[in-house]
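S.K.: Sending over model24.cif (mmCIF, C-alpha atoms).
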```
data_work
loop_
_atom_site.label_atom_id
_atom_site.label_comp_id
_atom_site.auth_asym_id
_atom_site.auth_seq_id
_atom_site.Cartn_x
_atom_site.Cartn_y
_atom_site.Cartn_z
CA MET A 1 6.69 24.85 14.43
CA PHE A 2 5.32 21.49 13.36
CA THR A 3 6.09 18.63 10.99
CA ILE A 4 3.04 17.02 9.37
CA ILE A 5 2.37 13.95 7.22
CA GLY A 6 0.57 14.89 4.02
CA ALA A 7 -2.06 12.86 2.18
CA ASP A 8 0.77 11.48 0.00
CA GLY A 9 2.46 9.94 3.06
CA LYS A 10 5.43 12.36 2.98
CA GLU A 11 6.63 14.53 5.87
CA TYR A 12 6.47 18.31 5.49
CA GLY A 13 8.14 20.72 7.84
CA PRO A 14 9.03 22.36 9.98
CA VAL A 15 5.95 24.48 9.22
CA ALA A 16 4.67 27.48 11.18
CA THR A 17 1.29 27.25 12.95
CA ALA A 18 -0.20 30.02 10.79
CA ALA A 19 0.76 28.18 7.62
CA ILE A 20 -0.92 24.98 8.83
CA VAL A 21 -4.09 26.94 9.68
CA GLU A 22 -4.09 28.22 6.09
CA TRP A 23 -3.61 24.65 4.79
CA ILE A 24 -6.60 23.48 6.83
CA ALA A 25 -8.73 26.32 5.51
CA ALA A 26 -7.68 25.45 1.95
CA GLY A 27 -8.46 21.75 2.42
CA ARG A 28 -4.83 20.63 2.23
CA ALA A 29 -4.95 19.34 5.82
CA ASN A 30 -7.51 18.68 8.56
CA LEU A 31 -7.65 18.09 12.31
CA GLN A 32 -7.04 14.36 11.72
CA THR A 33 -3.74 15.02 9.90
CA LYS A 34 -0.76 13.44 11.69
CA ALA A 35 1.70 15.97 13.12
CA ARG A 36 4.37 16.44 15.76
CA ARG A 37 5.72 19.55 17.40
CA GLU A 38 9.32 20.45 16.62
CA GLY A 39 11.60 18.87 19.22
CA GLU A 40 9.06 16.18 20.16
CA ALA A 41 9.08 12.57 18.96
CA GLU A 42 5.41 11.63 19.43
CA TRP A 43 3.05 11.87 16.45
CA LYS A 44 -0.46 13.17 17.18
CA THR A 45 -3.30 14.62 15.12
CA LEU A 46 -3.54 18.38 14.59
CA GLY A 47 -6.72 18.29 16.66
CA ASP A 48 -4.66 17.24 19.68
CA PHE A 49 -2.80 20.57 19.72
CA ALA A 50 -4.32 23.62 21.40
CA GLU A 51 -3.12 25.86 18.57
CA PHE A 52 -5.71 24.36 16.26
CA ASN A 53 -8.59 24.12 18.74
CA ALA A 54 -9.26 27.76 19.63
CA PRO A 55 -12.91 28.81 20.39
CA PRO A 56 -15.14 29.42 17.33
CA VAL A 57 -15.29 32.86 15.79
CA LEU A 58 -18.08 34.89 17.42
CA GLY A 59 -19.70 38.19 16.51
CA ALA A 60 -22.13 40.41 18.44
CA ASN A 61 -24.14 38.85 21.31
CA ASN A 62 -21.84 35.83 21.25
CA GLN A 63 -23.43 34.64 18.00
CA PRO A 64 -21.39 33.30 15.08
CA ALA A 65 -20.30 36.10 12.81
CA ALA A 66 -22.37 36.49 9.64
CA PRO A 67 -20.66 35.73 6.33
CA GLY A 68 -18.56 38.61 5.10
CA ILE A 69 -18.51 40.42 8.51
CA PRO A 70 -15.10 40.24 10.19
CA ALA A 71 -15.07 39.16 13.82
CA ALA A 72 -11.56 40.33 14.73
CA PRO A 73 -9.61 40.07 16.86
CA VAL A 74 -10.67 36.47 17.65
CA PRO A 75 -8.40 34.15 15.61
CA LEU A 76 -9.92 32.05 12.85
CA THR A 77 -10.40 28.38 13.67
CA PRO A 78 -11.28 26.31 10.60
CA ALA A 79 -13.63 23.35 11.00
CA PRO A 80 -12.38 19.81 10.31
CA LEU A 81 -12.33 19.04 6.64
CA ALA A 82 -12.55 15.72 4.85
CA PRO A 83 -9.27 14.08 3.82
CA ALA A 84 -7.94 14.86 0.39
CA ALA A 85 -9.51 12.88 -2.45
CA GLY A 86 -7.85 9.68 -3.62
CA PRO A 87 -7.99 5.92 -3.03
CA GLU A 88 -7.82 4.95 0.64
CA SER A 89 -4.67 3.13 1.73
CA ALA A 90 -5.24 -0.63 1.55
CA LEU A 91 -5.55 -2.34 4.90
CA ARG A 92 -2.71 -4.66 5.84
CA TRP A 93 -4.97 -7.69 6.21
CA LEU A 94 -6.33 -7.19 2.69
CA ARG A 95 -2.81 -7.30 1.28
CA LEU A 96 -2.05 -10.42 3.28
CA GLY A 97 -5.30 -12.01 2.15
CA ALA A 98 -4.53 -11.24 -1.49
CA ALA A 99 -1.10 -12.87 -1.18
CA ILE A 100 -2.66 -15.97 0.41
CA LEU A 101 -5.29 -16.17 -2.34
CA ASP A 102 -2.59 -15.96 -5.03
CA GLY A 103 -0.76 -18.82 -3.33
CA ILE A 104 -3.91 -20.95 -3.22
CA ILE A 105 -4.62 -20.22 -6.89
CA SER A 106 -1.05 -21.24 -7.80
CA ALA A 107 -1.48 -24.52 -5.91
CA ILE A 108 -4.74 -25.22 -7.73
CA PHE A 109 -3.08 -24.64 -11.11
CA VAL A 110 -0.26 -27.14 -10.49
CA THR A 111 -2.42 -29.77 -8.77
CA PRO A 112 -3.27 -31.70 -12.00
CA GLY A 113 0.44 -32.03 -12.82
CA MET A 114 1.21 -33.17 -9.29
CA LEU A 115 -1.50 -35.82 -9.55
CA ILE A 116 0.03 -37.05 -12.81
CA LEU A 117 3.44 -37.29 -11.13
CA ALA A 118 1.86 -39.22 -8.27
CA SER A 119 0.27 -41.65 -10.72
CA ALA A 120 3.70 -42.16 -12.33
CA GLY A 121 5.05 -43.33 -8.98
CA VAL A 122 7.47 -40.42 -8.58
CA PHE A 123 6.62 -39.97 -4.91
CA ALA A 124 6.01 -43.61 -3.97
CA ASN A 125 8.71 -45.23 -6.10
CA ALA A 126 11.29 -42.56 -6.92
CA ASN A 127 13.85 -45.08 -8.20
CA HIS A 128 11.57 -46.66 -10.84
CA PRO A 129 8.90 -44.16 -11.93
CA ASN A 130 6.85 -44.43 -15.11
CA THR A 131 9.05 -42.15 -17.23
CA ALA A 132 6.47 -41.27 -19.88
CA VAL A 133 3.82 -40.34 -17.33
CA MET A 134 6.42 -38.50 -15.24
CA PHE A 135 7.37 -36.23 -18.15
CA GLY A 136 3.69 -35.68 -18.83
CA GLY A 137 3.23 -34.47 -15.27
CA ILE A 138 6.24 -32.17 -15.50
CA ALA A 139 4.90 -30.75 -18.78
CA ALA A 140 1.48 -30.19 -17.20
CA ILE A 141 3.01 -28.33 -14.26
CA GLY A 142 5.13 -26.19 -16.59
CA ALA A 143 2.18 -25.33 -18.83
CA ALA A 144 -0.01 -24.43 -15.86
CA PHE A 145 2.75 -22.25 -14.37
CA LEU A 146 3.30 -20.38 -17.65
CA LEU A 147 -0.43 -19.86 -18.15
CA LEU A 148 -0.91 -18.49 -14.64
CA LEU A 149 2.20 -16.31 -14.98
CA ALA A 150 0.89 -14.82 -18.23
CA VAL A 151 -2.49 -14.05 -16.67
CA GLN A 152 -0.94 -12.48 -13.56
CA ILE A 153 1.51 -10.34 -15.57
CA TYR A 154 -1.31 -9.15 -17.83
CA LEU A 155 -3.46 -8.14 -14.86
CA LEU A 156 -0.52 -6.46 -13.11
CA VAL A 157 0.51 -4.43 -16.14
CA THR A 158 -2.99 -3.40 -17.25
CA ARG A 159 -4.74 -3.04 -13.88
CA GLY A 160 -2.07 -3.13 -11.18
CA GLN A 161 -3.69 -6.27 -9.76
CA THR A 162 -3.09 -9.98 -9.39
CA ILE A 163 -6.09 -12.32 -9.24
CA GLY A 164 -5.94 -12.22 -5.44
CA LYS A 165 -5.78 -8.41 -5.32
CA LYS A 166 -8.67 -8.16 -7.77
CA LEU A 167 -10.84 -10.48 -5.67
CA LEU A 168 -10.15 -8.44 -2.51
CA GLY A 169 -10.49 -5.04 -4.16
CA VAL A 170 -6.96 -3.64 -3.89
CA LYS A 171 -4.50 -2.54 -6.54
CA ILE A 172 -0.95 -1.25 -7.07
CA VAL A 173 -0.53 2.36 -8.20
CA CYS A 174 2.33 4.84 -8.65
CA PHE A 175 3.14 6.54 -5.36
CA GLU A 176 3.28 10.08 -6.73
CA ASP A 177 0.10 10.34 -8.82
CA GLU A 178 -1.73 7.01 -8.28
CA SER A 179 -1.54 6.16 -11.98
CA ASN A 180 -1.00 2.69 -13.46
CA PRO A 181 2.63 1.72 -12.71
CA GLY A 182 3.17 -0.24 -15.94
CA PHE A 183 5.44 -3.20 -16.72
CA VAL A 184 8.77 -1.77 -15.50
CA LYS A 185 7.60 -0.69 -12.07
CA VAL A 186 4.99 -3.30 -11.26
CA PHE A 187 6.84 -6.36 -12.59
CA LEU A 188 10.53 -5.73 -13.25
CA LEU A 189 11.26 -3.62 -10.16
CA ARG A 190 8.56 -4.71 -7.73
CA ILE A 191 8.75 -8.46 -8.41
CA LEU A 192 11.91 -9.46 -10.32
CA VAL A 193 14.46 -7.14 -8.70
CA ASN A 194 12.93 -7.72 -5.28
CA GLY A 195 12.94 -11.47 -5.92
CA PHE A 196 16.61 -11.48 -6.97
CA ILE A 197 17.58 -9.67 -3.77
CA GLY A 198 15.52 -12.11 -1.72
CA ALA A 199 17.29 -15.05 -3.41
CA VAL A 200 20.76 -13.97 -2.25
CA PRO A 201 22.01 -16.63 0.22
CA PHE A 202 21.70 -15.65 3.90
CA LEU A 203 21.25 -11.93 3.16
CA GLY A 204 18.12 -12.58 1.11
CA MET A 205 16.28 -14.23 3.99
CA ALA A 206 16.89 -11.26 6.28
CA TYR A 207 15.97 -8.84 3.49
CA SER A 208 12.68 -10.64 2.81
CA LEU A 209 11.74 -10.49 6.50
CA VAL A 210 12.49 -6.76 6.72
CA ASP A 211 10.60 -6.22 3.46
CA ILE A 212 7.48 -7.76 4.99
CA LEU A 213 7.84 -5.87 8.28
CA PHE A 214 7.98 -2.55 6.43
CA ILE A 215 4.21 -2.86 5.96
CA PHE A 216 3.86 -1.63 9.55
CA ARG A 217 5.17 1.80 8.51
CA GLY A 218 2.66 4.61 8.63
CA ASP A 219 2.26 4.60 4.84
CA GLN A 220 2.12 0.75 4.69
CA ARG A 221 4.77 0.64 1.95
CA CYS A 222 7.11 -2.38 1.89
CA ILE A 223 10.67 -2.19 0.55
CA HIS A 224 9.51 -3.48 -2.84
CA ASP A 225 7.06 -0.55 -2.95
CA LEU A 226 9.92 1.87 -2.22
CA LEU A 227 12.09 0.24 -4.91
CA ALA A 228 9.38 0.53 -7.54
CA GLY A 229 7.87 3.85 -6.43
CA THR A 230 4.47 2.24 -5.84
CA LYS A 231 1.86 1.78 -3.13
CA VAL A 232 -1.17 -0.45 -2.64
CA VAL A 233 -4.61 1.17 -2.29
CA ARG A 234 -8.24 0.16 -2.33
CA ALA A 235 -9.41 -0.31 -5.91
#
```
Translate the structure of the given file into structure tokens.

M.R.:
Amino acid sequence: MFTIIGADGKEYGPVATAAIVEWIAAGRANLQTKARREGEAEWKTLGDFAEFNAPPVLGANNQPAAPGIPAAPVPLTPAPLAPAAGPESALRWLRLGAAILDGIISAIFVTPGMLILASAGVFANANHPNTAVMFGGIAAIGAAFLLLLAVQIYLLVTRGQTIGKKLLGVKIVCFEDESNPGFVKVFLLRILVNGFIGAVPFLGMAYSLVDILFIFRGDQRCIHDLLAGTKVVRA
């Protein structure tokens, strides 16, 4: 008996050897599918187990059996099949790169307002700044933030991407069917709810760290992905 990890990232099992052979033949699994034998902790590929690497089916004169001619009693050994169709899981470094790009873009958007604040003397002379120029800088930063927020929300809701994710070719999709997650999942649950939890004093800092470390799971889903029922894949 074995437990395997399907193309959707979920565990299935325990499953009998014969059933897995049928899955391979039907294209639902292949010799690269992750699996572990019942009672063992180590995950391997199906190709690592002898049960799925029997000699090829042979007919007369040790030649492969012709189509339609049974070659019993030698057991059927299906050839490796390609993974199930669907976007490939996004690499961790691409997700990190997209987050860094979004941070850089945010900094660029607020830079004009910061320069205005600097010209008002806010940083050099905090006790006697130029009030009119200071409020102009604050207004510029607020306008830039709202503009960028509107653009990012629009891209997230319509495409499952931020600017950074779009530039690096990754996107957020629903975990179950890889459809567009929509406003509730991609923004309210994945960003707002996750952000509120991360803002809780003391607990939030630990939560945010664990959230990031969850990307090292086999399915590369962070806690905010689990909350929203999403995953990140190559676009």

S.K.: Considering all atoms listed in the file, can you say which of A:Phe2, A:Gly169, A:Phe202, A:Thr131 comes closest to Ala41 (chain A)?

M.R.: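 That would be A:Phe2, the residue with the smallest distance to Ala41 (chain A).
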
S.K.: Would you list the contacts of Ala228 (chain A) as a list in words, taking every protein, DNA or RNA residue within 8 Å and counting all atoms listed in the file, but skipping same-chain residues closer than 4 positions in sequence?

M.R.: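 Here the qualifying residues turn out to be Lys185, Val186, Leu189, Arg190 and His224 of chain A.
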
S.K.: If we count only C-alpha atoms and set the cut-off at 8 Å, which residues sit around Met1 (chain A), ignoring sequence neighbours fewer than 2 positions away in its own chain? Please answer as a VMD selection string.

M.R.: chain A and resid 3 13 to 17 37 to 38

S.K.: Tell me which of A:Asn125, A:Gln220, A:Thr230, A:Thr162 sits closest to Glu178 (chain A), counting all atoms listed in the file.

M.R.: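 Smallest distance to Glu178 (chain A) is found for A:Thr230.
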
S.K.: Could you check the closest approach to Ala144 (chain A) for each of A:Ala19, A:Val200, A:Leu167, A:Ile105 and tell me which residue wins, using all atoms listed in the file?

M.R.: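 Of A:Ala19, A:Val200, A:Leu167, A:Ile105, the one nearest Ala144 (chain A), counting all atoms listed in the file, is A:Ile105.
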
S.K.: Do a neighbour search on Gln161 (chain A) at 10 Å with all atoms listed in the file, toss out local chain neighbours closer than 2 positions, and write the hits as a PyMOL selection string.

M.R.: chain A and resi 98+152-159+163-173+186+232+235

S.K.: So how many Å separate CA of Pro181 (chain A) and CA of Gly160 (chain A), to one decimal?

M.R.: 6.9 Å
